[in-house]
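Have a look at model.cif; it's mmCIF, C-alpha atoms and all ligand atoms:
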```
data_data
#
loop_
_atom_site.label_atom_id
_atom_site.label_comp_id
_atom_site.auth_asym_id
_atom_site.auth_seq_id
_atom_site.Cartn_x
_atom_site.Cartn_y
_atom_site.Cartn_z
CA MET J 1497 -14.10 -1.42 11.40
CA GLY J 1498 -13.35 -3.15 14.66
CA ASP J 1499 -10.78 -5.62 13.25
CA LEU J 1500 -8.41 -4.76 16.08
CA GLU J 1501 -11.11 -5.50 18.65
CA GLY J 1502 -9.60 -6.24 22.03
CA LYS J 1503 -6.01 -6.01 20.80
CA LYS J 1504 -3.58 -4.46 23.29
CA ILE J 1505 -1.35 -2.08 21.39
CA LEU J 1506 1.72 -0.33 22.74
CA LEU J 1507 2.42 2.82 20.75
CA GLY J 1508 5.99 4.14 20.94
CA VAL J 1509 6.53 7.72 19.80
CA SER J 1510 10.02 8.99 19.00
CA GLY J 1511 11.22 12.53 18.29
CA SER J 1512 10.16 13.55 14.81
CA ILE J 1513 7.88 16.29 13.53
CA ALA J 1514 5.56 13.46 12.44
CA ALA J 1515 4.82 12.83 16.15
CA TYR J 1516 1.68 14.95 15.81
CA LYS J 1517 0.28 12.32 13.42
CA SER J 1518 0.55 9.75 16.22
CA VAL J 1519 -2.26 11.50 18.07
CA TYR J 1520 -4.48 10.68 15.06
CA LEU J 1521 -2.99 7.19 14.94
CA LEU J 1522 -3.94 6.66 18.59
CA ARG J 1523 -7.52 7.66 17.78
CA ALA J 1524 -7.67 5.49 14.65
CA LEU J 1525 -6.40 2.45 16.58
CA GLN J 1526 -9.01 3.02 19.27
CA LYS J 1527 -11.74 3.37 16.63
CA SER J 1528 -10.73 -0.05 15.29
CA GLY J 1529 -11.36 -1.52 18.73
CA ALA J 1530 -7.81 -1.60 20.16
CA GLU J 1531 -6.76 -0.68 23.69
CA VAL J 1532 -3.72 1.58 23.38
CA ARG J 1533 -1.01 2.69 25.81
CA VAL J 1534 1.58 5.24 24.79
CA ILE J 1535 5.28 5.58 25.58
CA MET J 1536 7.60 8.28 24.30
CA THR J 1537 11.26 9.14 24.00
CA GLN J 1538 12.36 12.28 25.84
CA LYS J 1539 12.89 14.01 22.47
CA ALA J 1540 9.34 13.17 21.33
CA THR J 1541 7.97 15.17 24.29
CA ASP J 1542 9.49 18.30 22.62
CA PHE J 1543 7.14 17.78 19.67
CA VAL J 1544 3.92 16.65 21.37
CA SER J 1545 3.00 16.89 25.02
CA PRO J 1546 2.48 13.54 26.81
CA LEU J 1547 -0.70 15.13 28.10
CA SER J 1548 -2.27 14.93 24.62
CA PHE J 1549 -1.70 11.18 24.53
CA GLU J 1550 -2.81 10.78 28.17
CA ALA J 1551 -6.04 12.64 27.54
CA ILE J 1552 -6.94 10.40 24.59
CA SER J 1553 -5.59 7.06 25.80
CA HIS J 1554 -6.84 7.58 29.39
CA PHE J 1555 -3.61 6.02 30.66
CA PRO J 1556 -0.36 7.47 32.00
CA VAL J 1557 2.26 8.09 29.33
CA TYR J 1558 5.83 7.05 30.25
CA TRP J 1559 8.96 8.57 28.77
CA ASP J 1560 11.65 8.14 31.39
CA THR J 1561 13.04 4.76 32.44
CA SER J 1562 14.74 5.86 35.64
CA SER J 1563 13.23 8.69 37.59
CA GLN J 1564 9.58 8.67 36.61
CA GLN J 1565 7.01 6.41 38.32
CA SER J 1566 8.06 2.79 38.84
CA TRP J 1567 11.27 1.77 37.05
CA ASN J 1568 10.02 -1.50 35.60
CA ASN J 1569 7.21 -0.11 33.45
CA HIS J 1570 9.12 -1.10 30.34
CA ILE J 1571 8.91 -4.76 31.33
CA GLU J 1572 5.25 -4.63 32.34
CA LEU J 1573 4.16 -2.75 29.23
CA SER J 1574 6.19 -4.97 26.90
CA LEU J 1575 4.60 -8.10 28.31
CA TRP J 1576 1.15 -6.50 28.33
CA ALA J 1577 1.22 -5.68 24.59
CA ASP J 1578 -0.11 -7.94 21.80
CA VAL J 1579 1.51 -5.59 19.29
CA PHE J 1580 4.19 -2.92 19.63
CA ILE J 1581 4.20 -0.17 17.05
CA ILE J 1582 6.76 2.61 16.89
CA ALA J 1583 5.41 5.61 14.98
CA PRO J 1584 7.20 7.78 14.15
CA ALA J 1585 10.45 5.80 14.27
CA THR J 1586 13.40 8.16 13.80
CA ALA J 1587 16.76 7.17 12.30
CA ASN J 1588 18.16 7.43 15.84
CA THR J 1589 15.54 5.07 17.35
CA ILE J 1590 16.01 2.62 14.46
CA ALA J 1591 19.78 2.65 15.08
CA LYS J 1592 19.24 2.02 18.80
CA PHE J 1593 16.97 -0.95 18.10
CA THR J 1594 19.59 -2.38 15.78
CA THR J 1595 22.38 -2.23 18.34
CA GLY J 1596 20.26 -3.19 21.34
CA MET J 1597 20.68 0.08 23.22
CA ALA J 1598 18.04 0.65 25.88
CA ASN J 1599 18.55 4.16 27.23
CA ASP J 1600 15.00 5.44 26.72
CA MET J 1601 11.51 4.06 27.30
CA VAL J 1602 10.90 3.10 23.64
CA SER J 1603 14.16 1.23 23.03
CA ALA J 1604 13.97 -0.44 26.47
CA CYS J 1605 10.46 -1.71 25.65
CA TYR J 1606 11.72 -3.08 22.32
CA LEU J 1607 14.38 -5.17 24.05
CA ALA J 1608 11.87 -6.47 26.56
CA SER J 1609 9.12 -7.20 24.01
CA ARG J 1610 7.94 -10.65 22.94
CA CYS J 1611 5.12 -9.55 20.60
CA PRO J 1612 5.15 -8.59 16.87
CA VAL J 1613 6.88 -5.23 16.34
CA PHE J 1614 5.97 -2.70 13.63
CA MET J 1615 7.87 0.48 12.80
CA ALA J 1616 6.72 3.49 10.78
CA PRO J 1617 9.96 5.33 9.92
CA SER J 1618 10.03 9.09 9.54
CA MET J 1619 13.08 11.05 8.43
CA ASP J 1620 14.60 13.18 5.74
CA VAL J 1621 15.20 11.67 2.30
CA ASP J 1622 19.00 11.50 2.61
CA MET J 1623 18.85 9.99 6.09
CA TRP J 1624 16.43 7.35 4.75
CA HIS J 1625 18.73 6.45 1.86
CA HIS J 1626 21.96 6.56 3.88
CA PRO J 1627 23.78 3.19 3.87
CA ALA J 1628 23.71 3.19 7.69
CA THR J 1629 19.90 3.41 7.76
CA ARG J 1630 19.58 0.90 4.88
CA SER J 1631 21.70 -1.58 6.78
CA ASN J 1632 19.81 -0.98 10.06
CA ILE J 1633 16.46 -1.51 8.32
CA ASN J 1634 17.73 -4.77 6.79
CA THR J 1635 18.91 -5.96 10.20
CA LEU J 1636 15.56 -5.19 11.82
CA GLN J 1637 13.66 -6.89 8.98
CA SER J 1638 15.83 -9.97 9.40
CA ARG J 1639 14.67 -9.95 13.05
CA ASN J 1640 11.05 -9.88 11.87
CA VAL J 1641 10.38 -6.24 12.67
CA PHE J 1642 7.76 -5.15 10.11
CA ILE J 1643 8.81 -1.88 8.46
CA ILE J 1644 5.80 0.11 7.31
CA PRO J 1645 6.70 1.68 3.94
CA VAL J 1646 7.54 5.39 4.02
CA GLY J 1647 5.65 7.81 1.80
CA TYR J 1648 7.01 10.00 -0.96
CA GLY J 1649 6.39 13.75 -0.89
CA SER J 1650 7.44 17.04 0.65
CA LEU J 1651 9.42 16.73 3.87
CA ALA J 1652 9.78 19.07 6.84
CA SER J 1653 13.26 20.04 5.55
CA GLY J 1654 11.73 21.47 2.40
CA LEU J 1655 13.19 18.63 0.32
CA THR J 1656 11.01 16.25 -1.64
CA GLY J 1657 11.50 12.51 -1.62
CA GLU J 1658 10.99 9.33 0.38
CA GLY J 1659 10.93 9.46 4.16
CA ARG J 1660 7.47 10.68 5.17
CA MET J 1661 5.78 8.63 7.87
CA ALA J 1662 2.86 6.59 6.53
CA GLU J 1663 -0.56 8.13 7.22
CA PRO J 1664 -2.38 6.91 10.37
CA ASP J 1665 -5.18 5.20 8.39
CA GLU J 1666 -2.60 3.39 6.31
CA ILE J 1667 -0.77 2.20 9.43
CA VAL J 1668 -4.02 0.85 10.90
CA GLU J 1669 -4.79 -1.02 7.65
CA ILE J 1670 -1.30 -2.52 7.53
CA LEU J 1671 -1.66 -3.70 11.14
CA LYS J 1672 -5.05 -5.26 10.44
CA LEU J 1673 -3.74 -6.97 7.35
CA ASN J 1674 -0.68 -8.39 9.08
CA LEU J 1675 -2.65 -9.63 12.03
CA ARG J 1676 -4.91 -11.68 9.74
CA ALA J 1677 -2.05 -12.81 7.42
CA LYS J 1678 -1.56 -16.17 9.13
CA THR J 1679 -5.05 -17.36 8.25
CA SER J 1680 -5.41 -15.71 4.81
CA VAL J 1681 -6.15 -17.95 1.82
CA LEU J 1682 -3.86 -15.65 -0.18
CA LYS J 1683 -0.83 -16.98 1.69
CA ASN J 1684 1.71 -18.31 -0.87
CA LYS J 1685 -0.71 -17.61 -3.74
CA LYS J 1686 0.80 -16.03 -6.86
CA VAL J 1687 -0.65 -12.56 -7.36
CA LEU J 1688 0.10 -10.64 -10.56
CA ILE J 1689 -0.73 -6.92 -10.71
CA THR J 1690 -0.51 -4.44 -13.59
CA ALA J 1691 -0.24 -0.81 -12.48
CA GLY J 1692 0.59 2.73 -13.55
CA PRO J 1693 0.27 4.38 -16.94
CA THR J 1694 1.89 3.34 -20.21
CA HIS J 1695 3.89 5.68 -22.43
CA GLU J 1696 3.55 5.33 -26.18
CA ALA J 1697 6.47 6.86 -28.06
CA ILE J 1698 5.93 9.52 -30.73
CA ASP J 1699 9.67 10.16 -31.22
CA PRO J 1700 12.76 9.60 -29.03
CA VAL J 1701 11.70 12.30 -26.53
CA ARG J 1702 7.90 12.52 -26.75
CA PHE J 1703 5.13 10.16 -25.86
CA ILE J 1704 1.39 9.81 -25.35
CA GLY J 1705 0.52 8.96 -21.77
CA ASN J 1706 -1.98 9.61 -18.97
CA SER J 1707 -1.85 10.87 -15.40
CA SER J 1708 -2.08 7.53 -13.59
CA THR J 1709 0.49 7.30 -10.77
CA GLY J 1710 0.05 3.58 -10.05
CA LYS J 1711 -0.94 4.34 -6.42
CA MET J 1712 -3.87 1.92 -6.36
CA GLY J 1713 -1.87 -0.95 -7.91
CA ILE J 1714 1.08 -0.35 -5.58
CA ALA J 1715 -1.30 -0.35 -2.58
CA LEU J 1716 -2.70 -3.68 -3.84
CA ALA J 1717 0.82 -5.09 -4.20
CA GLU J 1718 1.74 -3.99 -0.65
CA ALA J 1719 -1.47 -5.41 0.79
CA SER J 1720 -1.09 -8.75 -1.03
CA ALA J 1721 2.51 -9.03 0.15
CA GLY J 1722 1.28 -8.22 3.66
CA LEU J 1723 -0.92 -11.33 3.39
CA ASN J 1724 2.15 -13.34 2.40
CA ALA J 1725 1.17 -13.76 -1.25
CA GLU J 1726 3.97 -14.02 -3.84
CA VAL J 1727 3.54 -10.74 -5.68
CA THR J 1728 4.71 -9.69 -9.14
CA LEU J 1729 4.00 -6.08 -10.06
CA ILE J 1730 4.17 -5.04 -13.73
CA LEU J 1731 4.67 -1.32 -13.32
CA GLY J 1732 4.43 1.38 -15.99
CA PRO J 1733 6.46 4.62 -15.89
CA THR J 1734 5.84 6.29 -12.51
CA GLN J 1735 8.01 7.78 -9.78
CA LEU J 1736 6.35 5.60 -7.16
CA LYS J 1737 7.47 2.14 -6.17
CA PRO J 1738 6.46 -0.34 -3.47
CA GLY J 1739 8.42 -0.35 -0.21
CA ASN J 1740 8.16 -4.08 0.48
CA GLU J 1741 11.24 -5.70 -0.98
CA LYS J 1742 9.52 -9.07 -1.33
CA ILE J 1743 7.46 -7.64 -4.21
CA LYS J 1744 8.97 -8.51 -7.60
CA VAL J 1745 8.75 -5.36 -9.72
CA ILE J 1746 8.97 -5.54 -13.53
CA ARG J 1747 9.31 -2.08 -15.07
CA VAL J 1748 7.70 -1.54 -18.46
CA THR J 1749 7.06 1.48 -20.67
CA SER J 1750 4.50 0.78 -23.40
CA ALA J 1751 1.28 -1.25 -23.57
CA ARG J 1752 3.03 -3.81 -25.73
CA ASP J 1753 5.85 -4.19 -23.15
CA MET J 1754 3.19 -4.58 -20.47
CA LEU J 1755 1.38 -7.27 -22.49
CA LYS J 1756 4.61 -9.20 -22.97
CA ALA J 1757 5.52 -9.11 -19.27
CA THR J 1758 1.96 -9.90 -18.15
CA SER J 1759 1.72 -12.88 -20.57
CA LYS J 1760 4.94 -14.29 -19.14
CA TYR J 1761 3.72 -14.29 -15.52
CA HIS J 1762 0.02 -14.89 -16.14
CA THR J 1763 0.27 -18.62 -16.86
CA LYS J 1764 1.37 -19.36 -13.29
CA SER J 1765 -0.65 -16.70 -11.49
CA ASP J 1766 -3.57 -17.58 -9.23
CA VAL J 1767 -4.92 -14.03 -9.10
CA THR J 1768 -4.35 -11.27 -11.66
CA ILE J 1769 -5.38 -7.70 -10.91
CA PHE J 1770 -5.48 -5.38 -13.91
CA SER J 1771 -5.16 -1.94 -12.36
CA ALA J 1772 -2.96 -0.32 -15.04
CA ALA J 1773 -4.26 2.65 -17.00
CA VAL J 1774 -3.12 1.31 -20.35
CA ALA J 1775 -3.05 3.82 -23.21
CA ASP J 1776 -5.75 2.69 -25.63
CA TYR J 1777 -3.93 3.97 -28.74
CA ARG J 1778 -0.32 4.46 -29.84
CA PRO J 1779 1.21 6.35 -32.76
CA GLY J 1780 1.16 4.21 -35.92
CA THR J 1781 4.77 5.16 -36.68
CA VAL J 1782 7.48 6.24 -34.26
CA SER J 1783 9.86 8.82 -35.69
CA GLU J 1784 13.49 7.78 -35.23
CA GLU J 1785 14.57 11.43 -35.01
CA LYS J 1786 13.06 14.16 -32.81
CA ILE J 1787 10.24 15.71 -34.86
CA LYS J 1788 11.09 19.32 -35.82
CA LYS J 1789 8.52 22.04 -35.19
CA THR J 1790 8.45 23.28 -38.77
CA GLY J 1791 4.74 23.37 -39.62
CA ASP J 1792 1.78 24.96 -37.79
CA GLU J 1793 0.02 21.66 -37.61
CA ILE J 1794 1.03 18.09 -37.08
CA ASN J 1795 -1.13 15.03 -37.62
CA LEU J 1796 -0.64 11.91 -35.62
CA SER J 1797 -2.26 8.73 -36.78
CA LEU J 1798 -3.03 6.43 -33.87
CA ILE J 1799 -3.60 2.70 -33.84
CA LYS J 1800 -5.26 0.58 -31.21
CA ASN J 1801 -3.15 -1.00 -28.48
CA PRO J 1802 -3.68 -4.59 -27.36
CA ASP J 1803 -6.19 -4.99 -24.53
CA ILE J 1804 -4.12 -6.86 -21.95
CA ALA J 1805 -7.02 -7.84 -19.70
CA TYR J 1806 -9.04 -9.10 -22.68
CA GLU J 1807 -6.13 -11.17 -24.05
CA MET J 1808 -5.46 -12.74 -20.65
CA GLY J 1809 -9.21 -13.32 -20.22
CA LEU J 1810 -9.12 -15.56 -23.32
CA ARG J 1811 -6.36 -17.68 -21.75
CA LYS J 1812 -7.78 -17.79 -18.25
CA ASN J 1813 -8.34 -21.26 -16.73
CA LYS J 1814 -11.12 -22.07 -14.29
CA HIS J 1815 -8.90 -21.78 -11.22
CA GLN J 1816 -7.60 -18.32 -12.06
CA ILE J 1817 -9.18 -15.15 -10.74
CA HIS J 1818 -9.15 -11.89 -12.72
CA ILE J 1819 -9.99 -8.49 -11.27
CA GLY J 1820 -10.50 -5.44 -13.46
CA PHE J 1821 -10.98 -1.73 -12.93
CA ALA J 1822 -13.34 0.68 -14.56
CA LEU J 1823 -12.76 4.40 -14.24
CA GLU J 1824 -15.67 6.32 -15.71
CA SER J 1825 -16.53 9.98 -15.84
CA THR J 1826 -20.22 9.10 -15.50
CA PRO J 1827 -21.74 6.84 -12.79
CA GLY J 1828 -20.83 3.91 -15.12
CA GLU J 1829 -22.66 0.85 -13.71
CA GLU J 1830 -23.55 -0.44 -17.19
CA TYR J 1831 -19.95 -0.08 -18.43
CA ALA J 1832 -18.66 -1.97 -15.40
CA LYS J 1833 -21.07 -4.86 -15.99
CA GLU J 1834 -20.23 -4.94 -19.69
CA LYS J 1835 -16.47 -5.11 -18.91
CA LEU J 1836 -17.06 -7.94 -16.44
CA LYS J 1837 -18.45 -10.05 -19.29
CA LYS J 1838 -16.32 -8.92 -22.20
CA LYS J 1839 -12.99 -9.20 -20.40
CA ASN J 1840 -13.89 -12.36 -18.44
CA PHE J 1841 -13.32 -10.71 -15.04
CA ASP J 1842 -14.54 -12.25 -11.77
CA MET J 1843 -14.94 -8.81 -10.28
CA VAL J 1844 -14.80 -5.22 -11.53
CA VAL J 1845 -13.92 -2.30 -9.27
CA LEU J 1846 -15.75 0.77 -10.50
CA ASN J 1847 -14.46 4.24 -9.61
CA SER J 1848 -16.45 7.13 -10.88
CA LEU J 1849 -14.65 10.39 -11.60
CA ALA J 1850 -18.02 11.95 -10.80
CA ASP J 1851 -17.25 11.21 -7.13
CA ALA J 1852 -15.01 13.73 -5.33
CA GLY J 1853 -11.82 12.03 -4.06
CA ALA J 1854 -11.80 9.20 -6.64
CA GLY J 1855 -9.42 8.85 -9.58
CA PHE J 1856 -5.76 9.42 -10.45
CA ALA J 1857 -3.08 10.88 -8.16
CA VAL J 1858 -5.30 11.19 -5.09
CA ASP J 1859 -4.90 9.08 -1.95
CA THR J 1860 -8.57 8.21 -1.72
CA ASN J 1861 -11.01 6.16 -3.74
CA LYS J 1862 -14.73 5.49 -3.75
CA ALA J 1863 -15.45 2.10 -5.19
CA THR J 1864 -18.30 -0.23 -6.08
CA PHE J 1865 -17.50 -3.90 -6.72
CA TYR J 1866 -19.47 -5.83 -9.38
CA PHE J 1867 -19.47 -9.63 -9.45
CA LYS J 1868 -20.49 -12.25 -12.03
CA ASN J 1869 -23.62 -13.35 -10.16
CA ASN J 1870 -25.10 -9.85 -10.58
CA LYS J 1871 -24.21 -8.92 -7.02
CA SER J 1872 -22.53 -5.63 -6.20
CA LYS J 1873 -21.08 -3.97 -3.11
CA LYS J 1874 -20.80 -0.22 -2.63
CA PHE J 1875 -18.20 1.43 -0.36
CA GLU J 1876 -17.74 4.87 1.13
CA LEU J 1877 -14.80 7.17 0.30
CA LYS J 1878 -11.68 5.50 1.73
CA SER J 1879 -7.90 5.69 1.47
CA LYS J 1880 -6.44 3.64 -1.41
CA ILE J 1881 -4.83 1.28 1.09
CA GLN J 1882 -8.23 0.67 2.71
CA VAL J 1883 -9.76 0.06 -0.73
CA ALA J 1884 -6.90 -2.38 -1.43
CA ASN J 1885 -7.78 -4.22 1.77
CA ASP J 1886 -11.47 -4.42 0.75
CA ILE J 1887 -10.48 -5.72 -2.70
CA LEU J 1888 -8.28 -8.41 -1.16
CA GLU J 1889 -11.06 -9.48 1.21
CA ALA J 1890 -13.34 -9.86 -1.81
CA ILE J 1891 -10.63 -11.87 -3.62
CA GLU J 1892 -10.23 -14.16 -0.59
CA GLN J 1893 -13.98 -14.77 -0.72
CA LEU J 1894 -13.79 -15.56 -4.46
CA ILE J 1895 -10.96 -18.06 -3.83
CA ILE J 1896 -13.03 -19.78 -1.13
CA GLU J 1897 -16.10 -19.88 -3.43
CA LYS J 1898 -14.07 -21.36 -6.35
CA LYS J 1899 -12.67 -24.04 -4.04
CA THR J 1900 -16.10 -25.14 -2.86
CA LYS J 1901 -17.55 -25.30 -6.41
O1 LIG G 1 -11.90 -0.77 -21.36
P1 LIG G 1 -11.25 -0.08 -20.21
O2 LIG G 1 -9.93 0.52 -20.54
O3 LIG G 1 -12.15 0.86 -19.48
O4 LIG G 1 -10.99 -1.29 -19.19
C1 LIG G 1 -10.33 -1.10 -17.99
C2 LIG G 1 -9.76 -2.42 -17.49
O5 LIG G 1 -9.08 -3.12 -18.54
C3 LIG G 1 -8.73 -2.17 -16.44
O6 LIG G 1 -8.73 -3.28 -15.57
C4 LIG G 1 -7.43 -2.06 -17.27
O7 LIG G 1 -6.28 -2.34 -16.49
C5 LIG G 1 -7.67 -3.11 -18.34
N1 LIG G 1 -7.04 -2.76 -19.63
C6 LIG G 1 -5.99 -3.52 -20.13
N2 LIG G 1 -5.44 -3.23 -21.36
C7 LIG G 1 -5.92 -2.20 -22.10
C8 LIG G 1 -6.99 -1.41 -21.62
C9 LIG G 1 -7.51 -1.72 -20.37
O8 LIG G 1 -5.54 -4.44 -19.42
N3 LIG G 1 -5.37 -1.95 -23.28
#
```
Please go through the file and, once you have read it, give me the structure as structure tokens.
Amino acid sequence: MGDLEGKKILLGVSGSIAAYKSVYLLRALQKSGAEVRVIMTQKATDFVSPLSFEAISHFPVYWDTSSQQSWNNHIELSLWADVFIIAPATANTIAKFTTGMANDMVSACYLASRCPVFMAPSMDVDMWHHPATRSNINTLQSRNVFIIPVGYGSLASGLTGEGRMAEPDEIVEILKLNLRAKTSVLKNKKVLITAGPTHEAIDPVRFIGNSSTGKMGIALAEASAGLNAEVTLILGPTQLKPGNEKIKVIRVTSARDMLKATSKYHTKSDVTIFSAAVADYRPGTVSEEKIKKTGDEINLSLIKNPDIAYEMGLRKNKHQIHIGFALESTPGEEYAKEKLKKKNFDMVVLNSLADAGAGFAVDTNKATFYFKNNKSKKFELKSKIQVANDILEAIEQLIIEKKTK
């Protein structure tokens, strides 16, 4: 913790139901060492009382540019801040920023700001996908406003889709990452990531698969892109996708498709992270027609799929870095060390299903890193984005070590 030590952060809250999460965000920013002041739009005060933010930040909270306190707070606060983050950022606030309107405290501060600006959008799925919002987001990105990817899930409207504000811990990690991006050794490095499950066809409508969602790999792709690496993500069949448009996404279905795509990009990659949950076996024959349910029993004969990490490990040159994952249902230290050797990895991230909160489809992970020199590093239960940040820090260290060898 403490990576935001001494940073002056201005937190702008606009009127969305997600405003309650900003109270947690305020706390999380403070825990990381930042000094935080809060401003709100009038509408945001309908969702959360300014008093909540005042009590935690220990500073007055401003939400009115004209009648309340001194009129030029927006100038003073904008110049005071090292970073301005708007969370939640509603479609309305985003539109105001795009057009340069300044009729509330948050939009007035944006116009007067000179520091890096981050926005964590929050809105309903259709509002998020509306061409007006798409175009506003593009405009703000072209002005170097960093848009924190929205989450996918159930929304206050009862609909399901994209538009949820990122979780406070995630926002803090993204801020930390971006603030150290200028000096990262990953800048302009080519990072290749495999992620998600693979589907192995049985017939035109059925397949063998697993319950990986690709969350960990997508978090790694987002974090690498945040450090200005050139990221290619080879992504198996999953509903999720990264929010950062700079990430090149190659969609694949089967293990053999994934091998083909990975081989293509591996030659030029500096760092390859194998986070995909590749199906180990596939049906020996794929029926061209849908198999009829005539008998009481059906026998599938399965054959082994290629091991992508192993194959790439054979081709790896001495400048390339390979990171592998091991997901075991037992504590698994021995398996992790064995994989490190067999697949020619520089580091293996071990997640044990024996630990609560680790594994597929959850937002958290509890990892231990194993390195070639017999060293290991154990971490507490963290969000996948925090684990991604830890993995990238370890990769940066490996790059520095390789350089000095
Ligand atoms: O042997 P195991 O499947 O446990 O190894 C896991 C590691 O190997 C992960 O990094 C995974 O992405 C990679 N792997 C692969 N191709 C396979 C199987 C696993 O790249 N066919």
Surrounding residues as a PyMOL selection string, ligand LIG 1 (chain G), max 10 Å, all atoms listed in the file:
chain J and resi 1689-1694+1713+1751-1752+1754-1755+1758+1768-1777+1800-1809+1818-1824+1831-1832+1834-1836+1838-1839+1841+1843-1846
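Across the model, the gap from CA of Ala1530 (chain J) to CA of Ile1505 (chain J) is 6.6 Å.
CA of Ser1609 (chain J) to CA of Glu1572 (chain J) spans 9.5 Å [interatomic distance, one decimal].
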Compare J:Glu1658, J:Glu1696, J:Glu1531, J:Asp1600 by their minimum atom-to-atom distance to Asp1620 (chain J), counting only C-alpha atoms, and give me the closest one.
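Among the listed residues, the smallest separation from Asp1620 (chain J) belongs to J:Glu1658.
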Figure out the distance between CA of Leu1507 (chain J) and CA of Thr1595 (chain J), please, to one decimal in Å.
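Taking CA of Thr1595 (chain J) and CA of Leu1507 (chain J), their separation equals 20.7 Å.
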Give me the residues within 10 Å of Ile1881 (chain J) as JSON, numbers by chain, counting all atoms listed in the file and dropping any in the same chain fewer than 6 places off.
{"J": [1665, 1666, 1667, 1668, 1669, 1670, 1711, 1712, 1713, 1714, 1715, 1716, 1718, 1719, 1859, 1860, 1861, 1887]}
Could the residues in this selection be saved with C-alpha atoms as an mmCIF file, in the frame of the given file?
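Output saved as out_6.cif:
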```cif
data_model
loop_
_atom_site.group_PDB
_atom_site.id
_atom_site.type_symbol
_atom_site.label_atom_id
_atom_site.label_comp_id
_atom_site.auth_asym_id
_atom_site.auth_seq_id
_atom_site.Cartn_x
_atom_site.Cartn_y
_atom_site.Cartn_z
ATOM 1 C CA ASP J 1665 -5.180 5.200 8.390
ATOM 2 C CA GLU J 1666 -2.600 3.390 6.310
ATOM 3 C CA ILE J 1667 -0.770 2.200 9.430
ATOM 4 C CA VAL J 1668 -4.020 0.850 10.900
ATOM 5 C CA GLU J 1669 -4.790 -1.020 7.650
ATOM 6 C CA ILE J 1670 -1.300 -2.520 7.530
ATOM 7 C CA LYS J 1711 -0.940 4.340 -6.420
ATOM 8 C CA MET J 1712 -3.870 1.920 -6.360
ATOM 9 C CA GLY J 1713 -1.870 -0.950 -7.910
ATOM 10 C CA ILE J 1714 1.080 -0.350 -5.580
ATOM 11 C CA ALA J 1715 -1.300 -0.350 -2.580
ATOM 12 C CA LEU J 1716 -2.700 -3.680 -3.840
ATOM 13 C CA GLU J 1718 1.740 -3.990 -0.650
ATOM 14 C CA ALA J 1719 -1.470 -5.410 0.790
ATOM 15 C CA ASP J 1859 -4.900 9.080 -1.950
ATOM 16 C CA THR J 1860 -8.570 8.210 -1.720
ATOM 17 C CA ASN J 1861 -11.010 6.160 -3.740
ATOM 18 C CA ILE J 1887 -10.480 -5.720 -2.700
#
```
Distance criterion (all atoms listed in the file): nearest to Arg1610 (chain J) out of J:Ala1721, J:Ile1704, J:Ala1577, J:Leu1547
J:Ala1577
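Nearest residue to Cys1605 (chain J) among J:Ala1591, J:Val1681, J:Leu1573, J:Ile1513 is J:Leu1573, counting all atoms listed in the file.
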Among the residues J:Asp1560, J:Glu1889, J:Asp1766, J:Asp1622, the one that comes closest to Leu1688 (chain J) [using all atoms listed in the file]
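Closest candidate: J:Asp1766.
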I want to know what sits within 12 Å of His1570 (chain J), based on only C-alpha atoms, with residues of the same chain fewer than 5 positions away left out; could you give that as a JSON list (two decimals) with C-alpha atoms, in the frame of the given file?
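part.json was written with the following content:
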```json
[["chain", "number", "residue", "atom", "x", "y", "z"],
["J", 1506, "LEU", "CA", 1.72, -0.33, 22.74],
["J", 1508, "GLY", "CA", 5.99, 4.14, 20.94],
["J", 1533, "ARG", "CA", -1.01, 2.69, 25.81],
["J", 1534, "VAL", "CA", 1.58, 5.24, 24.79],
["J", 1535, "ILE", "CA", 5.28, 5.58, 25.58],
["J", 1536, "MET", "CA", 7.60, 8.28, 24.30],
["J", 1557, "VAL", "CA", 2.26, 8.09, 29.33],
["J", 1558, "TYR", "CA", 5.83, 7.05, 30.25],
["J", 1559, "TRP", "CA", 8.96, 8.57, 28.77],
["J", 1560, "ASP", "CA", 11.65, 8.14, 31.39],
["J", 1561, "THR", "CA", 13.04, 4.76, 32.44],
["J", 1562, "SER", "CA", 14.74, 5.86, 35.64],
["J", 1564, "GLN", "CA", 9.58, 8.67, 36.61],
["J", 1565, "GLN", "CA", 7.01, 6.41, 38.32],
["J", 1575, "LEU", "CA", 4.60, -8.10, 28.31],
["J", 1576, "TRP", "CA", 1.15, -6.50, 28.33],
["J", 1577, "ALA", "CA", 1.22, -5.68, 24.59],
["J", 1580, "PHE", "CA", 4.19, -2.92, 19.63],
["J", 1598, "ALA", "CA", 18.04, 0.65, 25.88],
["J", 1599, "ASN", "CA", 18.55, 4.16, 27.23],
["J", 1600, "ASP", "CA", 15.00, 5.44, 26.72],
["J", 1601, "MET", "CA", 11.51, 4.06, 27.30],
["J", 1602, "VAL", "CA", 10.90, 3.10, 23.64],
["J", 1603, "SER", "CA", 14.16, 1.23, 23.03],
["J", 1604, "ALA", "CA", 13.97, -0.44, 26.47],
["J", 1605, "CYS", "CA", 10.46, -1.71, 25.65],
["J", 1606, "TYR", "CA", 11.72, -3.08, 22.32],
["J", 1607, "LEU", "CA", 14.38, -5.17, 24.05],
["J", 1608, "ALA", "CA", 11.87, -6.47, 26.56],
["J", 1609, "SER", "CA", 9.12, -7.20, 24.01]]
```
J:Trp1624, J:Val1519, J:Ser1653, J:Gly1732 ranked by distance to Asn1706 (chain J), top pick (using all atoms listed in the file):
J:Gly1732
Distance criterion (all atoms listed in the file): nearest to Arg1676 (chain J) out of J:Thr1709, J:Thr1900, J:Asn1885, J:Ser1512
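Of the candidates, the smallest distance to Arg1676 (chain J) is held by J:Asn1885.
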